[in-house]
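Participant: Structure: protein.cif, mmCIF, C-alpha atoms.
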data_protein
#
loop_
_atom_site.label_atom_id
_atom_site.label_comp_id
_atom_site.auth_asym_id
_atom_site.auth_seq_id
_atom_site.Cartn_x
_atom_site.Cartn_y
_atom_site.Cartn_z
CA MET R 56 -258.59 135.03 21.74
CA GLU R 57 -255.58 134.27 19.61
CA SER R 58 -252.99 134.87 22.31
CA THR R 59 -254.68 132.47 24.74
CA THR R 60 -254.92 129.82 22.04
CA LEU R 61 -251.26 130.32 21.23
CA SER R 62 -250.13 129.97 24.81
CA ARG R 63 -252.02 126.70 25.16
CA ASN R 64 -250.52 125.23 22.01
CA PRO R 65 -246.89 126.32 22.03
CA GLY R 66 -245.90 123.70 19.46
CA ASP R 67 -248.61 124.58 16.97
CA PRO R 68 -246.95 125.70 13.70
CA ARG R 69 -249.25 128.66 13.30
CA ALA R 70 -248.60 129.76 16.87
CA LEU R 71 -244.87 129.40 16.29
CA THR R 72 -244.96 131.55 13.16
CA VAL R 73 -246.97 134.22 14.96
CA ARG R 74 -244.50 134.28 17.85
CA ALA R 75 -241.54 134.26 15.48
CA ARG R 76 -243.03 137.25 13.68
CA ASP R 77 -242.97 139.03 17.05
CA GLY R 78 -239.25 138.33 17.31
CA ASP R 79 -239.40 135.25 19.51
CA VAL R 80 -236.22 133.41 18.62
CA GLN R 81 -237.23 130.31 20.59
CA SER R 82 -240.35 129.89 18.47
CA PHE R 83 -238.29 130.45 15.37
CA GLU R 84 -235.89 127.78 16.57
CA ALA R 85 -238.83 125.38 16.97
CA LEU R 86 -239.84 126.06 13.37
CA TYR R 87 -236.24 125.53 12.31
CA ARG R 88 -236.05 122.17 14.09
CA ALA R 89 -239.30 121.03 12.49
CA HIS R 90 -238.25 121.95 8.93
CA ARG R 91 -234.45 121.96 8.89
CA GLY R 92 -234.20 118.61 7.11
CA ARG R 93 -236.41 119.73 4.29
CA VAL R 94 -234.43 122.93 3.76
CA PHE R 95 -231.05 121.26 3.98
CA GLY R 96 -232.24 118.45 1.69
CA VAL R 97 -233.17 120.80 -1.12
CA CYS R 98 -229.96 122.82 -0.60
CA LEU R 99 -227.85 119.68 -0.74
CA ARG R 100 -229.53 118.45 -3.90
CA MET R 101 -229.19 121.76 -5.68
CA ALA R 102 -225.67 122.63 -4.51
CA ARG R 103 -222.40 121.41 -5.93
CA GLY R 104 -220.94 120.40 -2.61
CA GLY R 105 -221.62 120.28 1.10
CA ASP R 106 -220.01 123.64 1.86
CA GLU R 107 -222.21 125.42 -0.64
CA ALA R 108 -225.28 123.61 0.71
CA GLU R 109 -224.42 124.61 4.28
CA GLY R 110 -224.07 128.25 3.28
CA TRP R 111 -227.32 128.24 1.35
CA SER R 112 -229.19 126.52 4.16
CA GLN R 113 -228.10 129.17 6.65
CA ASP R 114 -228.96 131.91 4.17
CA VAL R 115 -232.42 130.41 3.72
CA TRP R 116 -233.12 130.51 7.44
CA VAL R 117 -231.84 134.05 7.79
CA ARG R 118 -234.12 135.07 4.93
CA VAL R 119 -237.03 133.23 6.57
CA TRP R 120 -236.39 135.22 9.74
CA GLU R 121 -236.34 138.45 7.75
CA ARG R 122 -239.45 137.63 5.75
CA ILE R 123 -241.58 135.67 8.18
CA GLY R 124 -243.69 138.79 8.62
CA SER R 125 -244.93 138.27 5.08
CA PHE R 126 -246.19 134.76 5.90
CA ARG R 127 -249.86 135.22 6.66
CA GLY R 128 -250.72 131.62 7.43
CA GLU R 129 -252.97 131.29 4.38
CA SER R 130 -250.78 128.52 2.97
CA ASP R 131 -248.85 125.71 4.58
CA PHE R 132 -245.69 127.02 6.22
CA GLY R 133 -243.66 124.14 4.78
CA SER R 134 -244.72 125.01 1.23
CA TRP R 135 -243.99 128.69 1.79
CA LEU R 136 -240.61 127.78 3.24
CA HIS R 137 -239.76 125.43 0.38
CA ARG R 138 -240.61 128.07 -2.20
CA LEU R 139 -238.53 130.65 -0.38
CA ALA R 140 -235.62 128.20 -0.20
CA VAL R 141 -235.78 127.36 -3.90
CA ASN R 142 -236.07 131.04 -4.84
CA LEU R 143 -232.98 131.86 -2.78
CA ILE R 144 -231.07 128.99 -4.35
CA LEU R 145 -232.03 130.13 -7.83
CA ASP R 146 -230.96 133.68 -6.97
CA ARG R 147 -227.61 132.30 -5.88
CA LEU R 148 -227.28 130.24 -9.03
CA ARG R 149 -228.12 133.20 -11.21
CA SER R 150 -225.62 135.47 -9.51
CA ASP R 151 -222.89 132.87 -9.32
CA ALA R 152 -220.33 133.34 -12.08
CA ARG R 153 -219.86 129.59 -12.30
CA HIS R 154 -223.52 129.11 -13.14
CA ARG R 155 -224.19 132.23 -15.16
CA GLU R 156 -223.18 130.66 -18.42
CA TRP R 157 -224.33 127.16 -17.73
CA MET R 158 -227.24 127.24 -20.10
CA ARG R 159 -225.00 128.22 -22.96
CA GLU R 160 -222.24 125.78 -22.02
CA ASP R 161 -224.69 122.92 -21.73
CA GLU R 162 -225.90 123.48 -25.26
CA GLY R 163 -222.61 122.16 -26.56
CA ALA R 164 -222.38 119.17 -24.27
CA VAL R 165 -223.38 116.04 -26.15
CA GLU R 166 -221.66 113.31 -24.20
CA SER R 167 -223.49 111.23 -21.65
CA ALA R 168 -223.76 112.35 -18.06
CA ALA R 169 -221.50 109.55 -16.92
CA SER R 170 -218.71 110.18 -19.34
CA ALA R 171 -218.95 113.94 -18.82
CA ARG R 172 -218.04 113.48 -15.17
CA GLY R 173 -215.63 110.64 -15.65
CA ILE R 174 -217.71 107.83 -14.17
CA GLY R 175 -216.43 104.49 -15.38
CA ARG R 176 -218.59 102.03 -17.32
CA GLU R 177 -217.99 99.37 -14.70
CA GLU R 178 -219.22 101.59 -11.92
CA ARG R 179 -222.70 100.95 -10.78
CA VAL R 180 -224.58 104.16 -11.19
CA ASP R 181 -227.58 104.82 -9.03
CA LEU R 182 -229.94 107.65 -9.74
CA GLU R 183 -228.54 110.02 -7.16
CA ARG R 184 -225.04 109.66 -8.44
CA ALA R 185 -226.23 109.98 -12.01
CA VAL R 186 -228.04 113.21 -11.16
CA GLU R 187 -224.89 114.47 -9.49
CA ALA R 188 -223.02 113.74 -12.71
CA LEU R 189 -225.35 115.78 -14.93
CA PRO R 190 -224.13 119.04 -16.45
CA ASP R 191 -225.18 121.98 -14.28
CA GLY R 192 -228.03 123.35 -16.38
CA ALA R 193 -229.70 120.01 -17.04
CA ARG R 194 -229.22 118.99 -13.41
CA THR R 195 -230.75 122.15 -12.00
CA ILE R 196 -233.81 121.92 -14.20
CA PHE R 197 -234.26 118.18 -13.63
CA LEU R 198 -234.13 118.73 -9.86
CA LEU R 199 -236.55 121.63 -9.96
CA HIS R 200 -239.05 119.88 -12.22
CA ASP R 201 -238.93 116.20 -11.44
CA VAL R 202 -237.76 116.29 -7.82
CA GLU R 203 -239.08 119.56 -6.40
CA GLY R 204 -242.21 119.64 -8.53
CA TYR R 205 -241.95 123.04 -10.22
CA LYS R 206 -243.61 123.74 -13.59
CA HIS R 207 -241.75 124.64 -16.76
CA ARG R 208 -243.10 128.20 -16.67
CA GLU R 209 -242.13 128.76 -13.01
CA ILE R 210 -238.61 127.52 -13.64
CA ALA R 211 -238.27 129.65 -16.77
CA ASP R 212 -239.45 132.75 -14.92
CA ARG R 213 -237.14 132.24 -11.99
CA LEU R 214 -234.12 131.45 -14.14
CA GLY R 215 -234.85 134.14 -16.69
CA VAL R 216 -234.75 131.75 -19.65
CA ALA R 217 -237.28 130.69 -22.28
CA GLU R 218 -239.75 127.96 -21.39
CA GLY R 219 -238.53 126.04 -24.44
CA THR R 220 -235.01 126.08 -22.99
CA VAL R 221 -236.27 124.59 -19.75
CA LYS R 222 -238.13 121.87 -21.60
CA ALA R 223 -235.13 121.06 -23.79
CA GLN R 224 -232.83 120.85 -20.78
CA LEU R 225 -235.26 118.60 -18.96
CA HIS R 226 -235.55 116.26 -21.93
CA ARG R 227 -231.83 116.13 -22.19
CA ALA R 228 -231.32 115.51 -18.47
CA ARG R 229 -233.74 112.60 -18.52
CA ARG R 230 -232.12 111.10 -21.58
CA LEU R 231 -228.67 111.35 -20.01
CA LEU R 232 -229.92 109.84 -16.77
CA ARG R 233 -231.56 106.90 -18.50
CA GLU R 234 -228.39 106.26 -20.44
CA ALA R 235 -226.38 106.29 -17.24
CA LEU R 236 -228.82 104.05 -15.37
CA GLU R 237 -229.15 101.53 -18.18
CA ARG R 238 -225.44 101.06 -18.46
CA MET X 39 -247.17 106.26 -37.34
CA THR X 40 -243.40 106.37 -37.32
CA HIS X 41 -241.65 105.94 -33.98
CA PRO X 42 -242.28 108.96 -31.75
CA SER X 43 -239.27 110.93 -30.58
CA ASP X 44 -237.95 110.59 -27.06
CA GLU X 45 -239.20 114.14 -26.40
CA GLN X 46 -242.71 113.14 -27.48
CA LEU X 47 -242.66 110.19 -25.11
CA GLN X 48 -241.48 112.42 -22.28
CA ASP X 49 -244.27 114.89 -23.04
CA LEU X 50 -246.71 112.00 -22.95
CA ALA X 51 -245.44 110.96 -19.52
CA ASP X 52 -245.71 114.59 -18.35
CA GLY X 53 -249.27 114.90 -19.67
CA LEU X 54 -248.28 117.66 -22.07
CA VAL X 55 -249.67 116.23 -25.32
CA SER X 56 -253.00 117.00 -26.94
CA ALA X 57 -255.84 114.48 -26.91
CA SER X 58 -255.36 113.63 -30.58
CA GLU X 59 -251.63 113.18 -30.16
CA ARG X 60 -252.20 111.01 -27.12
CA ARG X 61 -254.53 108.76 -29.12
CA ALA X 62 -251.98 108.41 -31.92
CA LEU X 63 -249.19 107.63 -29.46
CA ALA X 64 -251.32 105.10 -27.62
CA GLU X 65 -252.08 103.34 -30.85
CA HIS X 66 -248.39 103.15 -31.70
CA LEU X 67 -247.44 101.93 -28.24
CA THR X 68 -249.77 98.97 -28.48
CA LEU X 69 -247.80 97.81 -31.49
CA CYS X 70 -244.22 98.84 -30.60
CA ALA X 71 -242.38 97.09 -27.75
CA ASP X 72 -239.34 99.39 -28.08
CA CYS X 73 -241.39 102.54 -27.53
CA ARG X 74 -243.28 100.91 -24.65
CA SER X 75 -239.95 100.09 -23.06
CA ALA X 76 -238.74 103.66 -23.57
CA LEU X 77 -241.93 105.03 -21.96
CA ASP X 78 -241.52 102.63 -19.02
CA SER X 79 -237.99 103.86 -18.57
CA ILE X 80 -239.16 107.49 -18.52
CA GLU X 81 -241.88 106.77 -15.99
CA ARG X 82 -239.50 104.83 -13.74
CA LEU X 83 -237.14 107.78 -13.82
CA ARG X 84 -239.92 110.23 -12.91
CA GLU X 85 -240.97 108.01 -10.02
CA GLY X 86 -237.37 107.66 -8.86
CA ALA X 87 -236.90 111.42 -9.03
CA ARG X 88 -239.85 112.00 -6.72
CA GLN X 89 -238.19 109.69 -4.21
CA LEU X 90 -235.07 111.85 -4.21
CA ALA X 91 -236.96 114.63 -2.42
CA VAL X 92 -235.88 113.45 0.99
CA ASP X 93 -235.09 115.39 4.12
CA VAL X 94 -231.44 115.52 5.08
CA ALA X 95 -230.23 116.47 8.54
CA PRO X 96 -228.03 119.57 8.46
CA PRO X 97 -224.64 119.52 10.16
CA GLU X 98 -224.35 120.00 13.90
CA GLY X 99 -224.11 123.60 14.93
CA GLU X 100 -226.18 124.99 12.09
CA TRP X 101 -228.70 126.54 14.44
CA ASP X 102 -225.97 128.28 16.45
CA ALA X 103 -224.63 129.86 13.27
CA ILE X 104 -228.11 130.94 12.20
CA GLU X 105 -228.90 132.33 15.63
CA ASP X 106 -225.68 134.31 15.62
CA ARG X 107 -226.78 135.88 12.36
CA ILE X 108 -230.36 136.66 13.33
CA ALA X 109 -229.92 137.60 16.97
CA GLY X 110 -226.25 138.41 17.25
CA PRO X 111 -223.90 136.69 19.65
CA GLY X 112 -225.04 137.31 23.18
CA ALA X 113 -224.37 136.04 26.65
CA TRP X 114 -228.05 135.27 27.10
CA ARG X 115 -227.83 132.49 24.53
CA ALA X 116 -224.91 130.81 26.22
CA ALA X 117 -226.74 131.16 29.51
CA ARG X 118 -229.90 129.72 27.99
CA ALA X 119 -227.98 126.79 26.54
CA GLN X 120 -226.58 126.07 29.98
CA SER X 121 -230.05 126.47 31.50
CA ARG X 122 -231.41 123.87 29.11
CA VAL X 123 -228.82 121.39 30.27
CA GLY X 124 -229.82 122.06 33.86
CA ALA X 125 -233.51 121.75 33.06
CA ALA X 126 -232.96 118.50 31.22
CA ASP X 127 -231.14 117.14 34.24
CA GLY X 128 -234.00 118.14 36.50
CA ILE X 129 -231.93 120.77 38.31
CA SER X 130 -234.30 123.33 39.78
CA SER X 131 -231.85 125.97 40.93
CA GLY X 132 -228.68 127.28 39.41
CA HIS X 133 -225.50 125.96 40.93
CA ALA X 134 -223.55 126.11 37.70
CA THR X 135 -221.30 129.03 37.00
CA PHE X 136 -221.54 131.03 33.83
CA THR X 137 -219.26 133.75 32.56
CA PRO X 138 -220.45 136.09 29.86
CA HIS X 139 -217.99 137.52 27.37
CA PHE X 140 -217.57 141.16 28.23
CA GLY X 141 -215.13 142.01 25.49
CA GLY X 142 -212.59 143.43 27.95
CA GLY X 143 -210.11 142.28 30.57
CA ASP X 144 -211.16 140.13 33.47
CA ASP X 145 -210.38 142.68 36.12
CA PRO X 146 -213.14 145.31 36.15
CA SER X 147 -210.79 147.96 37.44
CA GLU X 148 -208.61 147.45 34.37
CA ARG X 149 -211.41 147.85 31.88
CA GLY X 150 -212.20 151.00 30.04
CA ALA X 151 -209.02 153.02 30.20
CA ALA X 152 -206.49 150.57 28.83
CA GLY X 153 -204.70 151.90 25.80
CA MET X 154 -206.88 154.97 25.40
CA PRO X 155 -205.36 158.40 24.72
CA GLY X 156 -205.90 161.25 27.15
CA TRP X 157 -208.38 163.05 24.89
CA ALA X 158 -210.61 160.00 24.73
CA GLY X 159 -212.46 161.00 27.87
CA GLY X 160 -214.55 163.59 26.08
CA LEU X 161 -215.43 161.20 23.27
CA ARG X 162 -216.37 158.56 25.74
CA TRP X 163 -218.74 160.89 27.50
CA ALA X 164 -220.35 161.61 24.19
CA ALA X 165 -220.76 157.87 23.77
CA VAL X 166 -222.32 157.54 27.18
CA LEU X 167 -224.77 160.32 26.42
CA VAL X 168 -225.70 158.69 23.15
CA LEU X 169 -226.16 155.42 24.99
CA ALA X 170 -228.52 157.04 27.47
CA ILE X 171 -230.48 158.75 24.72
CA GLY X 172 -230.73 155.46 22.87
CA LEU X 173 -232.01 153.66 25.91
CA SER X 174 -234.52 156.40 26.64
CA TRP X 175 -235.85 156.10 23.12
CA GLY X 176 -236.03 152.36 23.56
CA LEU X 177 -238.15 152.78 26.65
CA VAL X 178 -240.52 155.15 24.92
CA SER X 179 -241.11 152.80 21.98
CA LEU X 180 -241.72 149.63 23.91
CA PRO X 181 -241.50 146.39 21.97
CA SER X 182 -244.57 144.20 21.88
CA TRP X 183 -243.16 141.64 24.32
CA LEU X 184 -242.87 144.30 27.00
CA GLY X 185 -246.52 145.17 26.55
CA GLY X 186 -249.54 143.05 25.81
CA ARG X 187 -248.11 139.72 24.87
CA SER X 188 -246.59 138.84 28.21
CA GLY X 189 -249.91 139.65 29.89
CA ASP X 190 -251.71 137.43 27.43
CA VAL X 191 -249.41 134.59 28.23
CA ALA X 192 -249.90 135.13 31.95
CA SER X 193 -253.66 134.91 31.47
CA SER X 194 -253.39 131.38 30.13
CA ALA X 195 -255.54 129.13 32.31
CA SER X 196 -253.53 125.94 32.12
CA PRO X 197 -250.06 126.14 30.61
CA ALA X 198 -248.91 123.06 28.73
CA PRO X 199 -245.95 121.04 30.06
CA GLU X 200 -243.80 122.50 27.27
CA SER X 201 -244.62 125.96 28.59
CA ASN X 202 -243.42 124.97 32.05
CA ALA X 203 -240.16 123.67 30.63
CA ARG X 204 -239.72 126.86 28.59
CA GLU X 205 -240.37 128.99 31.65
CA LEU X 206 -237.92 126.99 33.73
CA VAL X 207 -235.23 127.46 31.11
CA GLY X 208 -236.06 131.17 30.87
CA ALA X 209 -235.96 131.68 34.63
CA ARG X 210 -232.65 129.87 34.90
CA THR X 211 -231.23 131.90 32.01
CA ALA X 212 -232.19 135.16 33.72
CA ALA X 213 -230.70 133.94 37.01
CA LEU X 214 -227.46 132.98 35.29
CA LEU X 215 -227.23 136.35 33.58
CA GLU X 216 -227.88 138.21 36.83
CA GLY X 217 -225.31 136.11 38.66
CA ALA X 218 -222.73 136.41 35.92
CA TYR X 219 -222.82 140.18 35.62
CA ALA X 220 -223.31 140.98 39.30
CA PRO X 221 -219.68 140.64 40.51
CA SER X 222 -218.26 142.93 37.81
CA ILE X 223 -221.02 145.47 38.19
CA SER X 224 -220.64 145.49 41.99
CA GLU X 225 -216.88 145.90 41.75
CA LEU X 226 -217.21 148.80 39.31
CA GLN X 227 -219.91 150.41 41.46
CA ARG X 228 -217.53 150.17 44.43
CA ILE X 229 -214.70 151.78 42.44
CA LEU X 230 -217.01 154.54 41.26
CA ALA X 231 -218.24 155.19 44.80
CA ASP X 232 -214.63 155.51 45.98
CA THR X 233 -213.62 157.86 43.18
CA ARG X 234 -216.70 159.97 42.47
CA ASP X 235 -215.33 162.74 44.73
CA GLN X 236 -212.54 163.20 42.21
CA LEU X 237 -215.05 164.03 39.46
CA ASP X 238 -216.72 167.38 38.98
CA PRO X 239 -220.38 167.50 40.07
CA GLU X 240 -221.66 167.93 36.51
CA THR X 241 -219.92 164.74 35.40
CA VAL X 242 -221.23 162.85 38.41
CA GLN X 243 -224.72 163.99 37.54
CA VAL X 244 -224.40 162.75 33.94
CA VAL X 245 -223.11 159.38 35.17
CA ASP X 246 -225.96 159.03 37.63
CA GLU X 247 -228.56 159.97 35.04
CA ASN X 248 -227.20 157.42 32.58
CA LEU X 249 -227.13 154.67 35.15
CA ALA X 250 -230.64 155.57 36.29
CA VAL X 251 -231.96 155.17 32.75
CA ILE X 252 -230.33 151.76 32.46
CA GLU X 253 -231.51 150.63 35.88
CA GLU X 254 -235.06 151.69 35.09
CA ALA X 255 -234.91 149.68 31.87
CA ILE X 256 -233.55 146.65 33.74
CA ALA X 257 -236.42 146.92 36.24
CA ARG X 258 -238.96 146.94 33.43
CA VAL X 259 -237.37 143.94 31.74
CA ARG X 260 -237.36 142.07 35.06
CA ALA X 261 -241.06 142.85 35.41
CA ALA X 262 -241.69 141.56 31.88
CA LEU X 263 -239.79 138.38 32.71
CA GLU X 264 -241.98 137.81 35.74
CA SER X 265 -244.95 137.63 33.37
CA ASP X 266 -243.16 135.63 30.69
CA PRO X 267 -239.92 134.08 31.99
CA ALA X 268 -239.22 132.45 28.63
CA SER X 269 -239.40 135.63 26.56
CA ALA X 270 -236.34 135.54 24.32
CA PRO X 271 -236.49 139.28 23.47
CA ALA X 272 -236.63 140.10 27.19
CA LEU X 273 -233.67 137.85 27.96
CA ARG X 274 -231.72 139.42 25.11
CA SER X 275 -232.57 142.87 26.43
CA LEU X 276 -231.52 141.93 29.95
CA ASP X 277 -228.16 140.80 28.59
CA SER X 278 -227.80 144.01 26.55
CA LEU X 279 -228.76 146.21 29.48
CA PHE X 280 -226.32 144.55 31.87
CA ASN X 281 -223.67 145.01 29.21
CA ALA X 282 -224.62 148.68 28.83
CA GLN X 283 -224.51 149.16 32.59
CA LEU X 284 -221.09 147.57 32.63
CA ARG X 285 -219.84 149.82 29.84
CA VAL X 286 -221.01 153.01 31.55
CA LEU X 287 -219.51 151.92 34.84
CA ARG X 288 -216.22 151.02 33.17
CA VAL X 289 -215.94 154.42 31.55
CA ALA X 290 -216.93 156.23 34.74
CA ALA X 291 -214.58 154.19 36.91
CA ALA X 292 -211.68 154.96 34.58
CA LEU X 293 -212.26 158.71 34.42
CA PRO X 294 -210.30 159.75 37.54
CA ARG X 295 -207.15 158.21 36.07
CA GLU X 296 -207.52 160.37 32.97
CA ILE X 297 -208.03 163.65 34.74
#
Is it possible to give me this structure as structure tokens?
Facilitator:
Amino acid sequence: MESTTLSRNPGDPRALTVRARDGDVQSFEALYRAHRGRVFGVCLRMARGGDEAEGWSQDVWVRVWERIGSFRGESDFGSWLHRLAVNLILDRLRSDARHREWMREDEGAVESAASARGIGREERVDLERAVEALPDGARTIFLLHDVEGYKHREIADRLGVAEGTVKAQLHRARRLLREALER
Amino acid sequence: MTHPSDEQLQDLADGLVSASERRALAEHLTLCADCRSALDSIERLREGARQLAVDVAPPEGEWDAIEDRIAGPGAWRAARAQSRVGAADGISSGHATFTPHFGGGDDPSERGAAGMPGWAGGLRWAAVLVLAIGLSWGLVSLPSWLGGRSGDVASSASPAPESNARELVGARTAALLEGAYAPSISELQRILADTRDQLDPETVQVVDENLAVIEEAIARVRAALESDPASAPALRSLDSLFNAQLRVLRVAAALPREI
């Protein structure tokens, strides 16, 4: 019987999700502790600052709590969680006035990532810092595609832009990053 | 073939080119050191990007903020946190003191009537009635933890060590909640016993009915906790019910002063 199995394996991820679906906050907390680093990591990479990342991370977990009933255990919980986190982040980006026009603004940006953010030529630029220095649109798409592993079509659908725009932004992001890293 | 564009090289690295295009590019790359270098650079970047997908520990206190949002602030959580400390220290019985936040003054006899206009009594009774109705409804539609699941847990043949730790924390949390609310509830019950003669019989009956509903609910939650001491929903309910009992008693104890 499922309930007996669950009681014998309290740390089992599937058991935890089942208990969390029943409203067991302690089981939900166990899931949180097992996956919090992954969620906060993606939030921190996608956000423009720690405060924003902290807000998003909390929002992700609240949404997980609200939607955990829709997780049926057919896929890996971590993958489901990651997708939910990225979708929430993209929703935030789309609704955020600062990001709403980023695709258009980025079209006109031709300078290198480093010079766009004022990083000096003498400064040693590692990849993380170079990504941080990218213009918003290129950065978001680079992170989604090359870091988080999403396909062009998925990114285009979620962001509500053409697939060609995603591809162009990705090309541009990589070119800017290579320029910054080769300096 | 002329030099491929940077975009073409990126597409090659991403596996997005056709077979014929790939052949043409491969042929060019064998002859062109610059393009080979550019492709190497693209592939190093893609590899480096994959390594950026690292876990990062969130700031301290994130869980508390999340729990506040999903479960609401409650005394049971503070009690549970304290219970965990006790359990971690190997303390088997609760010597620590714990004070829930009642949202009123510290003196039970002061609570309820402070700053309320004379006409508030009627409104408050309406609130009490609504409270009782709400609790009755809650008892009719029992949540799952008050039904089958706790029995299932109790039927487990050999609980894991983690289960024992969970149960210890749960039992200590319940004990802390009971101990924390008991003095205020007892004091208000004493005040109500002393003053109930000043209330009309119909009002006394309504008070008693409301308290009976709450006490019945508390008894059922206690029974559920005997089966599953670690049940978070049960602990939350126990906290809420003690709070409800306190609110009814406060209102009732303050009524004679308003008459």
Participant: Define the interface residues of chain R facing chain X as those within 9 Å, counting all atoms listed in the file, and report them as JSON, numbers by chain.
Facilitator: {"R": [58, 59, 60, 61, 62, 63, 64, 65, 66, 77, 78, 79, 80, 81, 84, 87, 88, 90, 91, 92, 93, 94, 95, 96, 97, 99, 100, 109, 112, 113, 114, 116, 117, 120, 121, 182, 183, 197, 198, 201, 202, 203, 204, 223, 226, 227, 229, 230, 232, 233]}
Participant: Would you be able to write out as a short mmCIF file (atom, residue, chain, number, x, y, z; two decimals) with C-alpha atoms, keeping the file's coordinate frame which residues have an atom within 8 Å of (-228.6, 117.4, -19.2) in the file's coordinates, counting all atoms listed in the file?
Facilitator:
data_model
loop_
_atom_site.label_atom_id
_atom_site.label_comp_id
_atom_site.auth_asym_id
_atom_site.auth_seq_id
_atom_site.Cartn_x
_atom_site.Cartn_y
_atom_site.Cartn_z
CA ASP R 161 -224.69 122.92 -21.73
CA ALA R 168 -223.76 112.35 -18.06
CA LEU R 189 -225.35 115.78 -14.93
CA PRO R 190 -224.13 119.04 -16.45
CA ASP R 191 -225.18 121.98 -14.28
CA GLY R 192 -228.03 123.35 -16.38
CA ALA R 193 -229.70 120.01 -17.04
CA ARG R 194 -229.22 118.99 -13.41
CA PHE R 197 -234.26 118.18 -13.63
CA GLN R 224 -232.83 120.85 -20.78
CA LEU R 225 -235.26 118.60 -18.96
CA HIS R 226 -235.55 116.26 -21.93
CA ARG R 227 -231.83 116.13 -22.19
CA ALA R 228 -231.32 115.51 -18.47
CA ARG R 229 -233.74 112.60 -18.52
CA ARG R 230 -232.12 111.10 -21.58
CA LEU R 231 -228.67 111.35 -20.01
#
Participant: Within 10 Å of Glu209 of chain R, counting only C-alpha atoms, which residues qualify if same-chain residues fewer than 3 places away don't, as a list in words?
Facilitator: Leu199, His200, Tyr205, Lys206, Asp212, Arg213, Leu214, Gly215, Glu218 and Val221 of chain R
Participant: For the selection just defined, write its residues with C-alpha atoms to a file, as an mmCIF file, in the frame of the given file.
Facilitator:
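That gives us again-v7.cif:
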data_model
loop_
_atom_site.group_PDB
_atom_site.id
_atom_site.type_symbol
_atom_site.label_atom_id
_atom_site.label_comp_id
_atom_site.auth_asym_id
_atom_site.auth_seq_id
_atom_site.Cartn_x
_atom_site.Cartn_y
_atom_site.Cartn_z
ATOM 1 C CA LEU R 199 -236.550 121.630 -9.960
ATOM 2 C CA HIS R 200 -239.050 119.880 -12.220
ATOM 3 C CA TYR R 205 -241.950 123.040 -10.220
ATOM 4 C CA LYS R 206 -243.610 123.740 -13.590
ATOM 5 C CA ASP R 212 -239.450 132.750 -14.920
ATOM 6 C CA ARG R 213 -237.140 132.240 -11.990
ATOM 7 C CA LEU R 214 -234.120 131.450 -14.140
ATOM 8 C CA GLY R 215 -234.850 134.140 -16.690
ATOM 9 C CA GLU R 218 -239.750 127.960 -21.390
ATOM 10 C CA VAL R 221 -236.270 124.590 -19.750
#
Participant: Using the chain letters and numbers from the file, give me the residues hit by the PyMOL selection byres ((chain X and resi 212) around 10), as a list in words.
Facilitator: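 Applying the expression gives Trp114, Ala117, Arg118, Ser121, Leu206, Val207, Gly208, Ala209, Arg210, Thr211, Ala213, Leu214, Leu215, Glu216, Gly217, Ala218, Arg260, Leu263, Pro267, Ala268, Ala272, Leu273, Arg274, Leu276 and Asp277 of chain X.
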Participant: Could you tell me how far atom CA of Cys98 of chain R sits from atom CA of Phe126 of chain R, in Å to one decimal place?
Facilitator: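 We find that atom CA of Phe126 of chain R and atom CA of Cys98 of chain R lie 21.2 Å from each other.
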Participant: In Å, rounded to a single decimal, give me how far atom CA of Gly53 of chain X is from atom CA of Ala140 of chain R.
Facilitator: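 Computing it gives 27.2 Å between the two atoms.
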Participant: What's the separation between atom CA of Arg103 of chain R and atom CA of Val119 of chain R, in Å to one decimal place?
Facilitator: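 The value is 22.6 Å.
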Participant: Show me, as AutoDock Vina command-line options, the centre and edge lengths in Å to one decimal of the axis-aligned box that covers every listed atom of segment 56-68 of chain X with 5 Å on each side.
Facilitator:
--center_x -251.6 --center_y 108.0 --center_z -29.4 --size_x 18.4 --size_y 28.0 --size_z 15.0
Participant: Using all atoms listed in the file, which of the listed residues (R:Val115, R:Ala102, R:Ala89, R:Ile196) sits closest to Ala211 of chain R?
Facilitator: R:Ile196
